[in-house]
Number of protein chains: 2
Amino acid sequence: MDKDIQQVTSLIGDPVRASILWALTDGRAYTATELSVTINTSPQNMSMHLSKLIKGELLTVESQGRYKYYRIAKPEVAHALEAIACLVPEDKHKKKTIQPEEKAIRYCRSCYGHLAGKVGVLVNEALLAQKIIQPVDNLYAVTKKGEAFFADLKIDIALLQKQRRIFAKPCLDWSERKHHLAGSLGTALLNSMLELDYFRRSKNSRTILVTGKGQTQLFQKLKISV
Amino acid sequence: MDKDIQQVTSLIGDPVRASILWALTDGRAYTATELSVTINTSPQNMSMHLSKLIKGELLTVESQGRYKYYRIAKPEVAHALEAIACLVPEDKHKKKTIQPEEKAIRYCRSCYGHLAGKVGVLVNEALLAQKIIQPVDNLYAVTKKGEAFFADLKIDIALLQKQRRIFAKPCLDWSERKHHLAGSLGTALLNSMLELDYFRRSKNSRTILVTGKGQTQLFQKLKISV
DNA sequence: GATACAGTTCATTGGAGACTGTACTGTTAA
DNA sequence: TTAACAGTACAGTCTCCAATGAACTGTATC
């Protein structure tokens with residue numbers, strides 16, 4: 001038993017691995033590259049640490065194309081990390097400023113070119129509710145009504161469908177645990193909305209800001225209040 | 001915050017320090033030499049590690065003559081360790097032949113002053129089933145019926161509730177993966193049952209033995225067969 | 001007093017393992 | 001097809017820090 005505990009603690013004990021685990025405690029999944037950027041270490045090093053965490057059954061991986069999404073393996077891991085966080089000496093807690101950036105990234109962000117977060121999920125739900133898109137065996141198809149909607153946003157559906165890339169599909173949103181729109185249509189939609197100044201990207205972050213114009217347009221077109 | 005977590009994890013991460021902490025999770029105090037013998041390392045090395053744990057506020061010392069008694073600084077530390085113990089990969093439990101002493105410690109032990117192991121979990125389940133305690137937002141409360149039960153064991157509920165320490169809460173048991181009773185009520189219950197000779201501590205181990213009297217009383221009072 | 005023991009301090013050493021550079025596989029996009 | 005990118009594998013380097021030996025303080029017992 002003692003040996004087992006030692007193995008787990010030395011796994012958690014490394015500073016880089018501790019940072020990885022801590023970054024993942026919110027339950028969202030990140031790619032190896034994303035993690036290596038936020039933790040500020042090389043991709044090879046990150047790969048090494050991630051494989052150790054996988055082997056120790058603290059993380060799980062999910063492959064999506066050339067990306068690999070890493071996430072906490074089970075609730076017990078997050079629980080243990082929270083328990084460890086409680087052991088930080090008291091005097092260190094002086095500066096308990098809760099960062100608003102965390103809140104922002106959960107609200108609206110880009111996810112490999114398409115819209116994610118709470119806003120991304122709301123948009124997807126609205127597109128379905130208004131029958132602009134509809135599910136067809138695990139993918140999405142654009143309806144007659146939808147064609148007009150996308151044309152209005154200067155999106156050429158026919159052109160997108162000619163591409164080899166998947167046209168439109170649901171993608172599980174890590175912060176909301178619901179689906180948002182992915183595929184070339186998802187990318188085109190976000191690009192168009194950025195172009196039209198509904199949204200603006202923020203620097204050095206995946207966070208996306210909703211403009212005043214975006215608020216009014218999203219309400220008019222999709223009946224969404226953001 | 002990230003730096004703080006790293007400091008705590010690398011403190012826990014060292015194999016020797018992990019063993020020290022694990023050896024102290026029963027809440028009892030040990031001298032430096034005792035620890036260096038059980039952990040099997042030199043006194044100087046033990047001294048070095050202990051001073052780091054003290055500095056990190058995970059342990060406290062108490063001097064008595066030429067001896068120094070080391071113990072876990074606060075319940076949160078024991079809690080974090082138990083949480084970490086839950087992360088030991090499943091297959092490790094199965095394939096290794098569990099030694100008799102290991103079996104004993106899994107069956108019944110003390111965990112920072114309260115009862116743990118299979119017996120600890122059974123007792124907790126019985127207390128809940130018989131409506132002696134009931135869950136109230138992640139804590140436990142004593143029912144009317146329960147007051148009589150604890151009074152019978154010479155436990156003064158009112159006195160315990162006046163303390164600053166948490167009165168009663170569930171604590172995840174590493175060997176059973178279920179909850180046992182923690183908090184001042186849990187401590188009082190174990191002390192009372194030791195006093196009444198339901199249980200006896202074994203020397204140099206966290207293992208607790210159930211006496212004949214304990215077996216009959218636990219069956220009479222809680223309908224538990226141990 | 002002398003002796004034995006608990007625990008600590010400090011300089012030195014040794015080695016585990018984290019990191020880097022290079023080179024590779026597999027996937028996506030044009 | 002080619003190019004770009006995500007991620008991995010491996011060998012070599014380097015660095016931190018645990019462990020050691022020797023010497024010390026302080027306490028108990030004779």
# chains A, B, ... in the order shown; residues from 1 in each chain; ligands from 1

call {"tool": "interface_residues", "arguments": {"of": "chain C", "to": "chain A", "cutoff": "10 Å", "atoms": "only C-alpha atoms (C1' of nucleotides)", "output": "ChimeraX atom specification"}}
result
/C:18-20,26-29

call {"tool": "write_last_selection", "arguments": {"atoms": "N, CA, C and O atoms (P, O5', C5', C4', C3', O3' and C1' of nucleotides)", "output": "mmCIF file, in the first residue's frame"}}
result
data_model
loop_
_atom_site.group_PDB
_atom_site.id
_atom_site.type_symbol
_atom_site.label_atom_id
_atom_site.label_comp_id
_atom_site.auth_asym_id
_atom_site.auth_seq_id
_atom_site.Cartn_x
_atom_site.Cartn_y
_atom_site.Cartn_z
ATOM 1 P P DA C 18 10.143 13.288 -13.970
ATOM 2 O "O5'" DA C 18 10.154 14.830 -14.312
ATOM 3 C "C5'" DA C 18 10.769 15.731 -13.418
ATOM 4 C "C4'" DA C 18 11.615 16.750 -14.171
ATOM 5 C "C3'" DA C 18 10.935 17.361 -15.389
ATOM 6 O "O3'" DA C 18 11.181 18.759 -15.383
ATOM 7 C "C1'" DA C 18 13.004 16.424 -16.031
ATOM 8 P P DC C 19 10.459 19.661 -16.470
ATOM 9 O "O5'" DC C 19 11.515 19.734 -17.637
ATOM 10 C "C5'" DC C 19 12.468 20.798 -17.654
ATOM 11 C "C4'" DC C 19 13.451 20.562 -18.771
ATOM 12 C "C3'" DC C 19 12.933 20.900 -20.175
ATOM 13 O "O3'" DC C 19 13.516 22.126 -20.598
ATOM 14 C "C1'" DC C 19 14.249 18.889 -20.126
ATOM 15 P P DT C 20 13.128 22.679 -22.064
ATOM 16 O "O5'" DT C 20 14.227 22.057 -23.023
ATOM 17 C "C5'" DT C 20 15.606 22.086 -22.636
ATOM 18 C "C4'" DT C 20 16.463 21.544 -23.766
ATOM 19 C "C3'" DT C 20 15.975 21.916 -25.165
ATOM 20 O "O3'" DT C 20 17.055 22.398 -25.936
ATOM 21 C "C1'" DT C 20 16.198 19.562 -24.983
ATOM 22 P P DG C 26 2.090 5.701 -38.899
ATOM 23 O "O5'" DG C 26 1.006 6.852 -38.698
ATOM 24 C "C5'" DG C 26 0.548 7.156 -37.385
ATOM 25 C "C4'" DG C 26 -0.325 8.398 -37.411
ATOM 26 C "C3'" DG C 26 -1.383 8.411 -38.522
ATOM 27 O "O3'" DG C 26 -2.623 8.805 -37.959
ATOM 28 C "C1'" DG C 26 -0.120 10.393 -38.592
ATOM 29 P P DT C 27 -3.944 8.741 -38.823
ATOM 30 O "O5'" DT C 27 -4.279 10.286 -39.020
ATOM 31 C "C5'" DT C 27 -4.531 11.078 -37.878
ATOM 32 C "C4'" DT C 27 -4.709 12.518 -38.287
ATOM 33 C "C3'" DT C 27 -5.756 12.741 -39.371
ATOM 34 O "O3'" DT C 27 -6.721 13.664 -38.895
ATOM 35 C "C1'" DT C 27 -3.750 13.889 -39.889
ATOM 36 P P DT C 28 -7.971 14.040 -39.798
ATOM 37 O "O5'" DT C 28 -7.552 15.451 -40.388
ATOM 38 C "C5'" DT C 28 -7.206 16.502 -39.496
ATOM 39 C "C4'" DT C 28 -6.769 17.720 -40.280
ATOM 40 C "C3'" DT C 28 -7.746 18.160 -41.375
ATOM 41 O "O3'" DT C 28 -7.998 19.545 -41.218
ATOM 42 C "C1'" DT C 28 -5.560 17.969 -42.252
ATOM 43 P P DA C 29 -9.059 20.268 -42.110
ATOM 44 O "O5'" DA C 29 -8.145 21.032 -43.172
ATOM 45 C "C5'" DA C 29 -7.127 21.909 -42.702
ATOM 46 C "C4'" DA C 29 -6.451 22.576 -43.885
ATOM 47 C "C3'" DA C 29 -7.399 22.999 -45.005
ATOM 48 O "O3'" DA C 29 -6.980 24.261 -45.518
ATOM 49 C "C1'" DA C 29 -5.804 21.495 -45.856
#

call {"tool": "residues_around", "arguments": {"residues": "Gly117 (chain A)", "least_positions_apart": "5", "cutoff": "6 Å", "atoms": "only C-alpha atoms (C1' of nucleotides)", "output": "short mmCIF file (atom, residue, chain, number, x, y, z; two decimals) with N, CA, C and O atoms, in the first residue's frame"}}
result
data_model
loop_
_atom_site.label_atom_id
_atom_site.label_comp_id
_atom_site.auth_asym_id
_atom_site.auth_seq_id
_atom_site.Cartn_x
_atom_site.Cartn_y
_atom_site.Cartn_z
N ARG A 106 -15.58 30.81 -20.20
CA ARG A 106 -16.67 29.85 -20.14
C ARG A 106 -17.90 30.39 -20.87
O ARG A 106 -18.74 29.63 -21.31
N TYR A 107 -17.97 31.70 -20.95
CA TYR A 107 -19.16 32.30 -21.54
C TYR A 107 -19.13 32.24 -23.05
O TYR A 107 -20.08 31.83 -23.70
N CYS A 108 -18.02 32.63 -23.63
CA CYS A 108 -17.93 32.66 -25.08
C CYS A 108 -16.48 32.54 -25.53
O CYS A 108 -15.65 33.35 -25.14
N ARG A 109 -16.19 31.53 -26.33
CA ARG A 109 -14.81 31.33 -26.80
C ARG A 109 -14.83 30.64 -28.15
O ARG A 109 -15.86 30.13 -28.61
#

call {"tool": "select_by_dssp", "arguments": {"residues": "region 44-193 of chain A", "states": "strand (DSSP E)", "output": "PyMOL selection string"}}
result
chain A and resi 59-64+67-72+109-111+114-116+133-136+139-142+169-172+179-182

call {"tool": "write_last_selection", "arguments": {"atoms": "N, CA and C atoms", "output": "short mmCIF file (atom, residue, chain, number, x, y, z; two decimals), in the first residue's frame"}}
result
data_model
loop_
_atom_site.label_atom_id
_atom_site.label_comp_id
_atom_site.auth_asym_id
_atom_site.auth_seq_id
_atom_site.Cartn_x
_atom_site.Cartn_y
_atom_site.Cartn_z
N LEU A 59 -5.54 10.75 -15.97
CA LEU A 59 -6.14 11.42 -17.12
C LEU A 59 -6.63 10.39 -18.14
N THR A 60 -7.52 10.84 -19.03
CA THR A 60 -7.90 10.02 -20.18
C THR A 60 -7.72 10.86 -21.44
N VAL A 61 -7.56 10.18 -22.56
CA VAL A 61 -7.41 10.87 -23.84
C VAL A 61 -8.55 10.52 -24.76
N GLU A 62 -8.84 11.43 -25.66
CA GLU A 62 -9.82 11.18 -26.69
C GLU A 62 -9.24 11.78 -27.96
N SER A 63 -9.11 10.97 -29.00
CA SER A 63 -8.55 11.47 -30.25
C SER A 63 -9.64 12.02 -31.14
N GLN A 64 -9.39 13.20 -31.69
CA GLN A 64 -10.29 13.76 -32.69
C GLN A 64 -9.42 14.25 -33.81
N TYR A 67 -5.89 15.91 -33.36
CA TYR A 67 -5.86 16.45 -32.01
C TYR A 67 -6.10 15.36 -30.98
N LYS A 68 -5.56 15.56 -29.81
CA LYS A 68 -5.86 14.66 -28.70
C LYS A 68 -6.35 15.50 -27.53
N TYR A 69 -7.49 15.13 -27.03
CA TYR A 69 -8.08 15.88 -25.93
C TYR A 69 -7.83 15.16 -24.62
N TYR A 70 -7.20 15.86 -23.71
CA TYR A 70 -6.90 15.30 -22.40
C TYR A 70 -7.85 15.86 -21.37
N ARG A 71 -8.33 14.96 -20.51
CA ARG A 71 -9.20 15.42 -19.43
C ARG A 71 -9.00 14.55 -18.20
N ILE A 72 -9.46 15.06 -17.07
CA ILE A 72 -9.40 14.33 -15.81
C ILE A 72 -10.16 13.01 -15.95
N ARG A 109 -16.19 31.53 -26.33
CA ARG A 109 -14.81 31.33 -26.80
C ARG A 109 -14.83 30.64 -28.15
N SER A 110 -13.66 30.63 -28.79
CA SER A 110 -13.54 29.89 -30.04
C SER A 110 -12.98 28.50 -29.74
N CYS A 111 -13.42 27.53 -30.52
CA CYS A 111 -13.01 26.14 -30.32
C CYS A 111 -12.59 25.60 -31.68
N HIS A 114 -14.57 27.36 -34.48
CA HIS A 114 -16.00 27.60 -34.35
C HIS A 114 -16.37 28.11 -32.96
N LEU A 115 -17.60 28.48 -32.81
CA LEU A 115 -18.05 29.16 -31.59
C LEU A 115 -18.38 28.15 -30.49
N ALA A 116 -17.90 28.42 -29.27
CA ALA A 116 -18.17 27.52 -28.16
C ALA A 116 -18.49 28.30 -26.90
N ILE A 133 -31.08 24.49 -39.20
CA ILE A 133 -30.38 23.23 -39.46
C ILE A 133 -31.20 22.12 -38.81
N GLN A 134 -30.95 20.88 -39.25
CA GLN A 134 -31.62 19.76 -38.62
C GLN A 134 -30.70 18.55 -38.59
N PRO A 135 -30.82 17.72 -37.54
CA PRO A 135 -29.93 16.58 -37.41
C PRO A 135 -30.24 15.48 -38.43
N VAL A 136 -29.19 14.97 -39.08
CA VAL A 136 -29.30 13.83 -40.00
C VAL A 136 -28.15 12.88 -39.70
N LEU A 139 -25.00 14.11 -38.04
CA LEU A 139 -24.49 15.32 -38.69
C LEU A 139 -25.63 16.32 -38.73
N TYR A 140 -25.35 17.50 -39.28
CA TYR A 140 -26.41 18.47 -39.47
C TYR A 140 -26.59 18.75 -40.96
N ALA A 141 -27.83 19.03 -41.36
CA ALA A 141 -28.11 19.46 -42.73
C ALA A 141 -28.80 20.82 -42.66
N VAL A 142 -28.59 21.63 -43.70
CA VAL A 142 -29.22 22.94 -43.74
C VAL A 142 -30.57 22.82 -44.44
N LYS A 169 -21.52 19.40 -38.06
CA LYS A 169 -21.76 18.33 -37.08
C LYS A 169 -21.82 18.91 -35.68
N PRO A 170 -22.46 18.17 -34.79
CA PRO A 170 -22.46 18.62 -33.39
C PRO A 170 -21.13 18.29 -32.73
N CYS A 171 -20.70 19.15 -31.81
CA CYS A 171 -19.44 18.94 -31.09
C CYS A 171 -19.72 19.20 -29.62
N LEU A 172 -19.30 18.26 -28.79
CA LEU A 172 -19.60 18.41 -27.37
C LEU A 172 -18.81 19.56 -26.77
N HIS A 179 -24.08 20.41 -26.94
CA HIS A 179 -23.45 20.50 -28.25
C HIS A 179 -23.42 21.92 -28.80
N HIS A 180 -22.36 22.19 -29.54
CA HIS A 180 -22.35 23.40 -30.35
C HIS A 180 -22.03 22.99 -31.79
N LEU A 181 -22.10 23.96 -32.70
CA LEU A 181 -21.94 23.66 -34.12
C LEU A 181 -20.48 23.61 -34.55
N ALA A 182 -20.07 22.49 -35.16
CA ALA A 182 -18.70 22.34 -35.65
C ALA A 182 -18.73 22.05 -37.14
#

call {"tool": "interface_residues", "arguments": {"of": "chain B", "to": "chain A", "cutoff": "9 Å", "atoms": "only C-alpha atoms", "output": "PyMOL selection string"}}
result
chain B and resi 1-19+22-23+56-58+76-77+79-89+92-93+102

call {"tool": "interface_residues", "arguments": {"of": "chain D", "to": "chain A", "cutoff": "9 Å", "atoms": "only C-alpha atoms (C1' of nucleotides)", "output": "ChimeraX atom specification"}}
result
/D:5-8

call {"tool": "residues_around", "arguments": {"residues": "DA4 (chain C)", "least_positions_apart": "3", "cutoff": "10 Å", "atoms": "only C-alpha atoms (C1' of nucleotides)", "output": "number ranges by chain"}}
result
D: 28-30
